[in-house]
$ cat input.cif   # mmCIF, C-alpha atoms and all ligand atoms
data_model
loop_
_atom_site.label_atom_id
_atom_site.label_comp_id
_atom_site.auth_asym_id
_atom_site.auth_seq_id
_atom_site.Cartn_x
_atom_site.Cartn_y
_atom_site.Cartn_z
CA MET A 1 69.34 140.92 96.12
CA GLN A 2 72.04 138.25 95.98
CA LEU A 3 71.14 134.73 97.05
CA ILE A 4 73.87 132.39 98.24
CA VAL A 5 72.92 128.73 98.30
CA PHE A 6 74.91 126.40 100.56
CA ILE A 7 74.53 122.79 99.45
CA GLY A 8 76.09 120.43 101.96
CA PRO A 9 75.37 117.52 104.31
CA PRO A 10 74.27 118.11 107.90
CA GLY A 11 77.36 119.13 109.87
CA SER A 12 79.23 120.52 106.85
CA GLY A 13 79.18 123.95 108.47
CA LYS A 14 76.29 125.63 106.65
CA GLY A 15 74.95 127.16 109.87
CA SER A 16 78.32 128.17 111.33
CA LEU A 17 79.54 129.69 108.08
CA SER A 18 76.26 131.54 107.64
CA LYS A 19 76.68 133.05 111.11
CA LEU A 20 80.16 134.32 110.18
CA PHE A 21 78.80 135.90 107.01
CA VAL A 22 76.06 137.55 109.06
CA GLN A 23 78.51 138.86 111.69
CA ARG A 24 81.31 139.96 109.37
CA LEU A 25 79.63 140.93 106.11
CA GLY A 26 76.12 141.84 107.24
CA CYS A 27 74.49 139.04 105.24
CA ILE A 28 71.03 137.78 106.18
CA GLN A 29 70.66 134.07 106.99
CA LEU A 30 67.57 132.12 106.08
CA SER A 31 67.83 128.63 107.55
CA THR A 32 64.93 126.37 106.64
CA GLY A 33 65.97 123.94 109.40
CA SER A 34 65.72 126.74 111.99
CA LEU A 35 62.36 127.85 110.59
CA CYS A 36 61.09 124.26 110.82
CA ARG A 37 62.39 123.83 114.40
CA LYS A 38 60.70 127.07 115.40
CA HIS A 39 57.36 125.88 113.99
CA VAL A 40 57.70 122.55 115.82
CA ALA A 41 58.71 124.14 119.13
CA GLU A 42 55.79 126.57 118.95
CA MET A 43 53.40 123.78 117.83
CA THR A 44 52.00 125.90 114.98
CA PRO A 45 49.72 124.12 112.45
CA ILE A 46 52.79 123.71 110.18
CA GLY A 47 54.84 122.53 113.16
CA ARG A 48 52.32 119.75 113.87
CA GLN A 49 52.49 118.61 110.24
CA ILE A 50 56.28 118.46 110.08
CA ASP A 51 57.15 117.16 113.56
CA PHE A 52 57.36 113.52 112.46
CA PHE A 53 59.63 114.25 109.47
CA MET A 54 62.00 116.34 111.55
CA LYS A 55 62.28 113.67 114.23
CA SER A 56 62.91 110.87 111.73
CA GLY A 57 65.51 112.86 109.76
CA THR A 58 63.52 112.83 106.52
CA LEU A 59 62.57 115.83 104.42
CA VAL A 60 59.53 118.01 104.92
CA SER A 61 57.31 118.34 101.82
CA ASP A 62 58.58 120.58 99.03
CA GLU A 63 55.31 122.49 99.04
CA LEU A 64 55.54 123.51 102.70
CA ILE A 65 59.22 124.41 102.55
CA VAL A 66 58.97 126.41 99.33
CA GLY A 67 55.93 128.23 100.72
CA MET A 68 57.94 129.32 103.80
CA VAL A 69 60.92 130.45 101.72
CA ALA A 70 58.84 132.26 99.10
CA ASP A 71 56.94 134.21 101.78
CA TRP A 72 60.19 135.20 103.44
CA LEU A 73 61.92 136.24 100.18
CA LYS A 74 58.96 138.28 98.98
CA GLN A 75 58.80 140.10 102.31
CA ASN A 76 62.53 140.84 102.21
CA ASN A 77 62.83 141.63 98.50
CA GLY A 78 64.22 145.04 97.66
CA SER A 79 66.94 144.80 100.27
CA ASP A 80 70.38 145.09 98.67
CA LYS A 81 71.81 142.64 101.17
CA ARG A 82 73.15 139.18 100.48
CA VAL A 83 70.86 136.43 101.70
CA ILE A 84 72.27 133.02 102.60
CA LEU A 85 69.94 130.11 101.99
CA ASP A 86 71.10 127.58 104.56
CA GLY A 87 69.62 124.15 103.84
CA PHE A 88 67.48 125.17 100.85
CA PRO A 89 66.93 124.00 98.15
CA ARG A 90 67.41 120.35 99.10
CA THR A 91 65.57 118.70 96.18
CA VAL A 92 65.37 119.34 92.44
CA GLU A 93 61.72 120.29 92.82
CA GLN A 94 62.64 122.95 95.41
CA ALA A 95 65.40 124.21 93.07
CA ARG A 96 62.95 124.37 90.18
CA LEU A 97 60.42 126.31 92.25
CA LEU A 98 63.18 128.66 93.44
CA ARG A 99 64.22 129.28 89.83
CA ASP A 100 60.59 130.02 88.87
CA LEU A 101 60.24 132.39 91.81
CA ILE A 102 63.40 134.26 90.80
CA GLN A 103 62.36 134.44 87.15
CA ASN A 104 58.82 135.61 87.88
CA GLU A 105 59.10 137.72 91.01
CA LEU A 106 62.75 138.51 91.81
CA PRO A 107 64.27 139.22 88.38
CA ASP A 108 67.21 141.26 89.75
CA CYS A 109 68.30 138.46 92.04
CA LEU A 110 71.78 136.93 91.56
CA LEU A 111 72.34 133.32 92.61
CA HIS A 112 75.66 131.87 93.90
CA ILE A 113 75.88 128.13 94.50
CA ILE A 114 78.41 126.77 96.99
CA GLN A 115 78.83 123.02 97.49
CA LEU A 116 80.29 122.24 100.93
CA ALA A 117 81.87 118.80 100.65
CA ALA A 118 82.88 116.47 103.50
CA ALA A 119 83.35 112.74 104.07
CA ASP A 120 80.62 111.03 106.10
CA SER A 121 83.18 110.06 108.77
CA LEU A 122 83.97 113.75 109.38
CA ILE A 123 80.27 114.59 109.56
CA LEU A 124 79.59 111.89 112.16
CA GLN A 125 82.51 113.11 114.23
CA ARG A 126 81.37 116.75 114.03
CA LEU A 127 77.74 116.10 114.85
CA SER A 128 78.63 114.07 117.92
CA SER A 129 80.07 117.27 119.43
CA ARG A 130 77.51 119.76 118.13
CA TYR A 131 75.30 121.81 120.44
CA ILE A 132 72.79 124.55 119.59
CA CYS A 133 71.27 127.40 121.51
CA GLU A 134 67.86 126.35 122.84
CA ASN A 135 66.38 129.80 122.13
CA ASN A 136 64.26 129.30 118.98
CA ASP A 137 64.99 132.80 117.77
CA CYS A 138 68.75 132.25 118.07
CA GLN A 139 69.70 128.58 117.45
CA THR A 140 73.39 129.43 117.19
CA VAL A 141 75.54 126.35 116.59
CA TYR A 142 78.53 125.47 118.81
CA THR A 143 80.95 122.63 119.19
CA VAL A 144 82.43 121.29 122.40
CA LYS A 145 85.70 120.17 120.82
CA GLN A 146 88.01 120.50 117.83
CA CYS A 147 87.43 124.11 116.96
CA PRO A 148 88.09 126.98 119.41
CA ALA A 149 86.32 129.48 117.07
CA LEU A 150 83.04 127.60 117.50
CA MET A 151 83.26 126.84 121.22
CA PRO A 152 81.07 128.88 123.59
CA LYS A 153 82.98 131.30 125.82
CA ILE A 154 81.17 129.92 128.88
CA PRO A 155 80.47 126.16 128.76
CA ASN A 156 76.85 125.37 127.86
CA VAL A 157 75.85 129.03 127.53
CA CYS A 158 75.12 130.83 124.26
CA ASP A 159 77.55 133.71 123.62
CA LEU A 160 74.84 135.75 121.92
CA CYS A 161 71.73 135.43 124.08
CA GLN A 162 72.96 133.57 127.20
CA SER A 163 70.40 130.77 126.81
CA ASN A 164 71.33 127.14 127.49
CA LEU A 165 72.96 125.00 124.84
CA ILE A 166 71.30 121.68 124.03
CA ARG A 167 71.88 118.70 121.73
CA ARG A 168 69.63 118.57 118.69
CA PHE A 169 67.23 115.64 118.84
CA ASP A 170 68.07 114.72 115.24
CA ASP A 171 71.85 114.69 115.87
CA ARG A 172 71.59 111.19 117.38
CA VAL A 173 73.66 108.68 115.37
CA GLU A 174 70.61 106.78 113.99
CA THR A 175 68.97 109.97 112.75
CA VAL A 176 72.19 111.40 111.37
CA THR A 177 72.70 108.25 109.31
CA GLU A 178 69.20 108.70 107.88
CA ARG A 179 69.81 112.39 107.18
CA LEU A 180 73.08 111.63 105.40
CA LYS A 181 71.35 108.97 103.30
CA THR A 182 68.65 111.49 102.37
CA TYR A 183 71.28 114.11 101.57
CA HIS A 184 73.31 111.85 99.29
CA TRP A 185 70.14 110.74 97.54
CA TYR A 186 69.42 114.30 96.39
CA GLU A 187 72.88 115.89 96.18
CA GLN A 188 73.97 114.97 92.67
CA SER A 189 70.62 115.63 91.01
CA LEU A 190 70.53 119.06 92.64
CA ILE A 191 74.02 119.89 91.40
CA ASP A 192 73.18 118.57 87.93
CA PHE A 193 70.07 120.76 87.88
CA PHE A 194 71.97 123.95 88.68
CA THR A 195 74.78 123.10 86.25
CA HIS A 196 72.24 122.40 83.52
CA MET A 197 70.60 125.77 84.24
CA GLY A 198 73.96 127.44 83.53
CA TYR A 199 74.95 128.21 87.14
CA GLN A 200 78.49 127.60 88.33
CA VAL A 201 78.54 125.20 91.29
CA ASN A 202 81.59 126.10 93.41
CA TYR A 203 83.12 123.10 95.21
CA VAL A 204 84.57 123.84 98.65
CA ASP A 205 86.31 121.21 100.78
CA VAL A 206 85.23 121.73 104.41
CA ASP A 207 87.83 119.51 106.08
CA ARG A 208 89.71 122.68 107.12
CA SER A 209 89.42 125.44 109.68
CA ILE A 210 86.29 127.57 109.53
CA GLU A 211 88.44 130.66 108.88
CA MET A 212 89.94 129.11 105.74
CA ILE A 213 86.53 128.03 104.49
CA PHE A 214 85.09 131.48 105.22
CA ASN A 215 87.84 133.20 103.21
CA GLU A 216 87.46 130.88 100.26
CA VAL A 217 83.68 131.31 100.12
CA LYS A 218 83.98 135.07 100.61
CA ASP A 219 86.31 135.29 97.58
CA LEU A 220 83.80 133.33 95.54
CA ILE A 221 80.82 135.55 96.30
CA ILE A 222 82.46 138.97 96.47
CA ASN A 223 84.04 139.95 93.22
P1 LIG B 1 68.83 121.23 109.05
O1 LIG B 1 68.83 122.09 110.27
O2 LIG B 1 69.11 122.02 107.78
O3 LIG B 1 69.73 120.03 109.19
O4 LIG B 1 67.33 120.67 108.88
C1 LIG B 1 66.71 119.90 109.89
C2 LIG B 1 65.47 119.21 109.32
O5 LIG B 1 64.53 120.20 108.84
C3 LIG B 1 65.72 118.31 108.10
O6 LIG B 1 66.15 117.02 108.47
C4 LIG B 1 64.32 118.30 107.46
O7 LIG B 1 63.43 117.45 108.17
C5 LIG B 1 63.86 119.74 107.67
N1 LIG B 1 64.27 120.61 106.54
C6 LIG B 1 65.11 121.69 106.60
N2 LIG B 1 65.28 122.24 105.39
C7 LIG B 1 64.54 121.49 104.52
C8 LIG B 1 64.33 121.54 103.11
N3 LIG B 1 64.90 122.47 102.33
N4 LIG B 1 63.51 120.61 102.57
C9 LIG B 1 62.90 119.67 103.32
N5 LIG B 1 63.09 119.55 104.65
C10 LIG B 1 63.90 120.45 105.26
#
$ encode --input "input.cif" --output "structure tokens"
Amino acid sequence: MQLIVFIGPPGSGKGSLSKLFVQRLGCIQLSTGSLCRKHVAEMTPIGRQIDFFMKSGTLVSDELIVGMVADWLKQNNGSDKRVILDGFPRTVEQARLLRDLIQNELPDCLLHIIQLAAADSLILQRLSSRYICENNDCQTVYTVKQCPALMPKIPNVCDLCQSNLIRRFDDRVETVTERLKTYHWYEQSLIDFFTHMGYQVNYVDVDRSIEMIFNEVKDLIIN
């Protein structure tokens, strides 16, 4: 198994890029944000515990998140596919637990780290035009301006499952500001951790078209 970690602020394109890798290269996407939203929407016991954190734009506990990811990875181990970790790990503790999991239970797993970098002003602009599919099993991300490749073919309708498109509750400006603060708080320590562990952290500027970003990341992970 190959694991591809996208480290980047909300709105840096983790979800959209992951979708392209799924569609074009057959990768599997594991988005912790989508998993969390699904739990909240279905009001599972985990969903009830994390609802507040999701709504306020702060992080869910490392223990809960790592538990979800570990279960998923163990169930899908053995597949020779590339798995994109979209939004995980977000903290050094999550990265440490991921490293332990790989060392102890997934020894053949290769890890690629991609840092998606963007100025906060670009993020705020992107998130103000972001919509997602309301179907919890889909959650495809769209934009209503700037980028034809990410616009739905029919306004407000998901191209993939025909459900309605909605705004994410946590894409409101106040919450985005909090999420960016949280992201910047953890970003450098996470990068330092991976670098210290001997992994190459590949820096990718995302202030470009999604096609250009896709090609650059593809060249980094397929060699
Ligand atoms: P995202 O869709 O990646 O922007 O995540 C939305 C929200 O889900 C975040 O603001 C957190 O509350 C929660 N979340 C997603 N991934 C993680 C993670 N790796 N660690 C902690 N909280 C997370």
$ residues_near_ligand --input "input.cif" --ligand "ligand LIG 1 (chain B)" --cutoff "6 Å" --atoms "all atoms listed in the file" --output "NGL selection string"
:A and (10 or 32-34 or 36 or 53-54 or 57-61 or 65 or 87-90)
$ residues_around --input "input.cif" --residues "Thr140 of chain A" --least-positions-apart "2" --cutoff "9 Å" --atoms "only C-alpha atoms" --output "list in words"
Gly15, Ser16, Lys19, Tyr131, Ile132, Cys133, Glu134, Asn135, Cys138, Tyr142, Cys158, Asp159, Leu160 and Leu165 of chain A
$ atom_distance --input "input.cif" --atom1 "atom CA of Gly11 of chain A" --atom2 "atom CA of Ile191 of chain A"
18.8 Å
$ residues_around --input "input.cif" --residues "segment 171-181 of chain A" --least-positions-apart "4" --cutoff "8 Å" --atoms "only C-alpha atoms" --output "list in words"
Pro9, Pro10, Lys55, Ser56, Gly57, Thr58, Asp120, Leu124, Leu127, Ser128, Arg130, Arg167 and Trp185 of chain A
$ atom_distance --input "input.cif" --atom1 "atom CA of Asp80 of chain A" --atom2 "atom CA of Leu64 of chain A"
26.5 Å
$ residues_around --input "input.cif" --residues "Ser129 of chain A" --least-positions-apart "3" --cutoff "7 Å" --atoms "only C-alpha atoms" --output "MDAnalysis selection string"
chainID A and resid 126 143:145
$ axis_aligned_box --input "input.cif" --around "segment 131-138 of chain A" --padding-each-side "3 Å" --output "AutoDock Vina command-line options"
--center_x 69.8 --center_y 127.3 --center_z 120.3 --size_x 17.0 --size_y 17.0 --size_z 11.1
$ atom_distance --input "input.cif" --atom1 "atom CA of Pro155 of chain A" --atom2 "atom CA of Asp207 of chain A"
24.8 Å
$ build_atoms --input "input.cif" --residues "segment 177-194 of chain A" --atoms "N, CA, C and O atoms" --output "PDB file, keeping the file's coordinate frame"
ATOM      1  N   THR A 177      72.488 109.189 110.412  1.00  0.00           N
ATOM      2  CA  THR A 177      72.700 108.250 109.310  1.00  0.00           C
ATOM      3  C   THR A 177      71.584 108.386 108.287  1.00  0.00           C
ATOM      4  O   THR A 177      71.819 108.418 107.077  1.00  0.00           O
ATOM      5  N   GLU A 178      70.354 108.536 108.775  1.00  0.00           N
ATOM      6  CA  GLU A 178      69.200 108.700 107.880  1.00  0.00           C
ATOM      7  C   GLU A 178      69.310 110.033 107.122  1.00  0.00           C
ATOM      8  O   GLU A 178      69.056 110.108 105.913  1.00  0.00           O
ATOM      9  N   ARG A 179      69.705 111.061 107.824  1.00  0.00           N
ATOM     10  CA  ARG A 179      69.810 112.390 107.180  1.00  0.00           C
ATOM     11  C   ARG A 179      70.898 112.393 106.121  1.00  0.00           C
ATOM     12  O   ARG A 179      70.752 113.006 105.060  1.00  0.00           O
ATOM     13  N   LEU A 180      72.006 111.691 106.401  1.00  0.00           N
ATOM     14  CA  LEU A 180      73.080 111.630 105.400  1.00  0.00           C
ATOM     15  C   LEU A 180      72.619 110.853 104.165  1.00  0.00           C
ATOM     16  O   LEU A 180      72.912 111.228 103.032  1.00  0.00           O
ATOM     17  N   LYS A 181      71.862 109.775 104.417  1.00  0.00           N
ATOM     18  CA  LYS A 181      71.350 108.970 103.300  1.00  0.00           C
ATOM     19  C   LYS A 181      70.453 109.866 102.423  1.00  0.00           C
ATOM     20  O   LYS A 181      70.567 109.894 101.201  1.00  0.00           O
ATOM     21  N   THR A 182      69.568 110.594 103.093  1.00  0.00           N
ATOM     22  CA  THR A 182      68.650 111.490 102.370  1.00  0.00           C
ATOM     23  C   THR A 182      69.450 112.519 101.583  1.00  0.00           C
ATOM     24  O   THR A 182      69.174 112.802 100.418  1.00  0.00           O
ATOM     25  N   TYR A 183      70.483 113.080 102.230  1.00  0.00           N
ATOM     26  CA  TYR A 183      71.280 114.110 101.570  1.00  0.00           C
ATOM     27  C   TYR A 183      71.929 113.552 100.295  1.00  0.00           C
ATOM     28  O   TYR A 183      71.829 114.138  99.221  1.00  0.00           O
ATOM     29  N   HIS A 184      72.596 112.408 100.445  1.00  0.00           N
ATOM     30  CA  HIS A 184      73.310 111.850  99.290  1.00  0.00           C
ATOM     31  C   HIS A 184      72.339 111.485  98.168  1.00  0.00           C
ATOM     32  O   HIS A 184      72.668 111.571  96.994  1.00  0.00           O
ATOM     33  N   TRP A 185      71.156 111.115  98.529  1.00  0.00           N
ATOM     34  CA  TRP A 185      70.140 110.740  97.540  1.00  0.00           C
ATOM     35  C   TRP A 185      69.848 111.924  96.610  1.00  0.00           C
ATOM     36  O   TRP A 185      69.658 111.772  95.413  1.00  0.00           O
ATOM     37  N   TYR A 186      69.801 113.123  97.182  1.00  0.00           N
ATOM     38  CA  TYR A 186      69.420 114.300  96.390  1.00  0.00           C
ATOM     39  C   TYR A 186      70.595 115.108  95.844  1.00  0.00           C
ATOM     40  O   TYR A 186      70.430 115.883  94.902  1.00  0.00           O
ATOM     41  N   GLU A 187      71.780 114.962  96.462  1.00  0.00           N
ATOM     42  CA  GLU A 187      72.880 115.890  96.180  1.00  0.00           C
ATOM     43  C   GLU A 187      73.224 116.022  94.693  1.00  0.00           C
ATOM     44  O   GLU A 187      73.208 117.119  94.142  1.00  0.00           O
ATOM     45  N   GLN A 188      73.485 114.875  94.050  1.00  0.00           N
ATOM     46  CA  GLN A 188      73.970 114.970  92.670  1.00  0.00           C
ATOM     47  C   GLN A 188      72.921 115.538  91.720  1.00  0.00           C
ATOM     48  O   GLN A 188      73.232 116.352  90.848  1.00  0.00           O
ATOM     49  N   SER A 189      71.648 115.136  91.932  1.00  0.00           N
ATOM     50  CA  SER A 189      70.620 115.630  91.010  1.00  0.00           C
ATOM     51  C   SER A 189      70.441 117.144  91.173  1.00  0.00           C
ATOM     52  O   SER A 189      70.170 117.860  90.203  1.00  0.00           O
ATOM     53  N   LEU A 190      70.645 117.626  92.386  1.00  0.00           N
ATOM     54  CA  LEU A 190      70.530 119.060  92.640  1.00  0.00           C
ATOM     55  C   LEU A 190      71.664 119.814  91.935  1.00  0.00           C
ATOM     56  O   LEU A 190      71.454 120.834  91.272  1.00  0.00           O
ATOM     57  N   ILE A 191      72.866 119.257  92.045  1.00  0.00           N
ATOM     58  CA  ILE A 191      74.020 119.890  91.400  1.00  0.00           C
ATOM     59  C   ILE A 191      73.868 119.834  89.882  1.00  0.00           C
ATOM     60  O   ILE A 191      74.123 120.816  89.178  1.00  0.00           O
ATOM     61  N   ASP A 192      73.395 118.689  89.378  1.00  0.00           N
ATOM     62  CA  ASP A 192      73.180 118.570  87.930  1.00  0.00           C
ATOM     63  C   ASP A 192      72.154 119.597  87.465  1.00  0.00           C
ATOM     64  O   ASP A 192      72.307 120.210  86.415  1.00  0.00           O
ATOM     65  N   PHE A 193      71.115 119.807  88.258  1.00  0.00           N
ATOM     66  CA  PHE A 193      70.070 120.760  87.880  1.00  0.00           C
ATOM     67  C   PHE A 193      70.667 122.161  87.723  1.00  0.00           C
ATOM     68  O   PHE A 193      70.474 122.836  86.711  1.00  0.00           O
ATOM     69  N   PHE A 194      71.412 122.596  88.736  1.00  0.00           N
ATOM     70  CA  PHE A 194      71.970 123.950  88.680  1.00  0.00           C
ATOM     71  C   PHE A 194      72.968 124.084  87.521  1.00  0.00           C
ATOM     72  O   PHE A 194      72.993 125.093  86.827  1.00  0.00           O
TER      73      PHE A 194
END
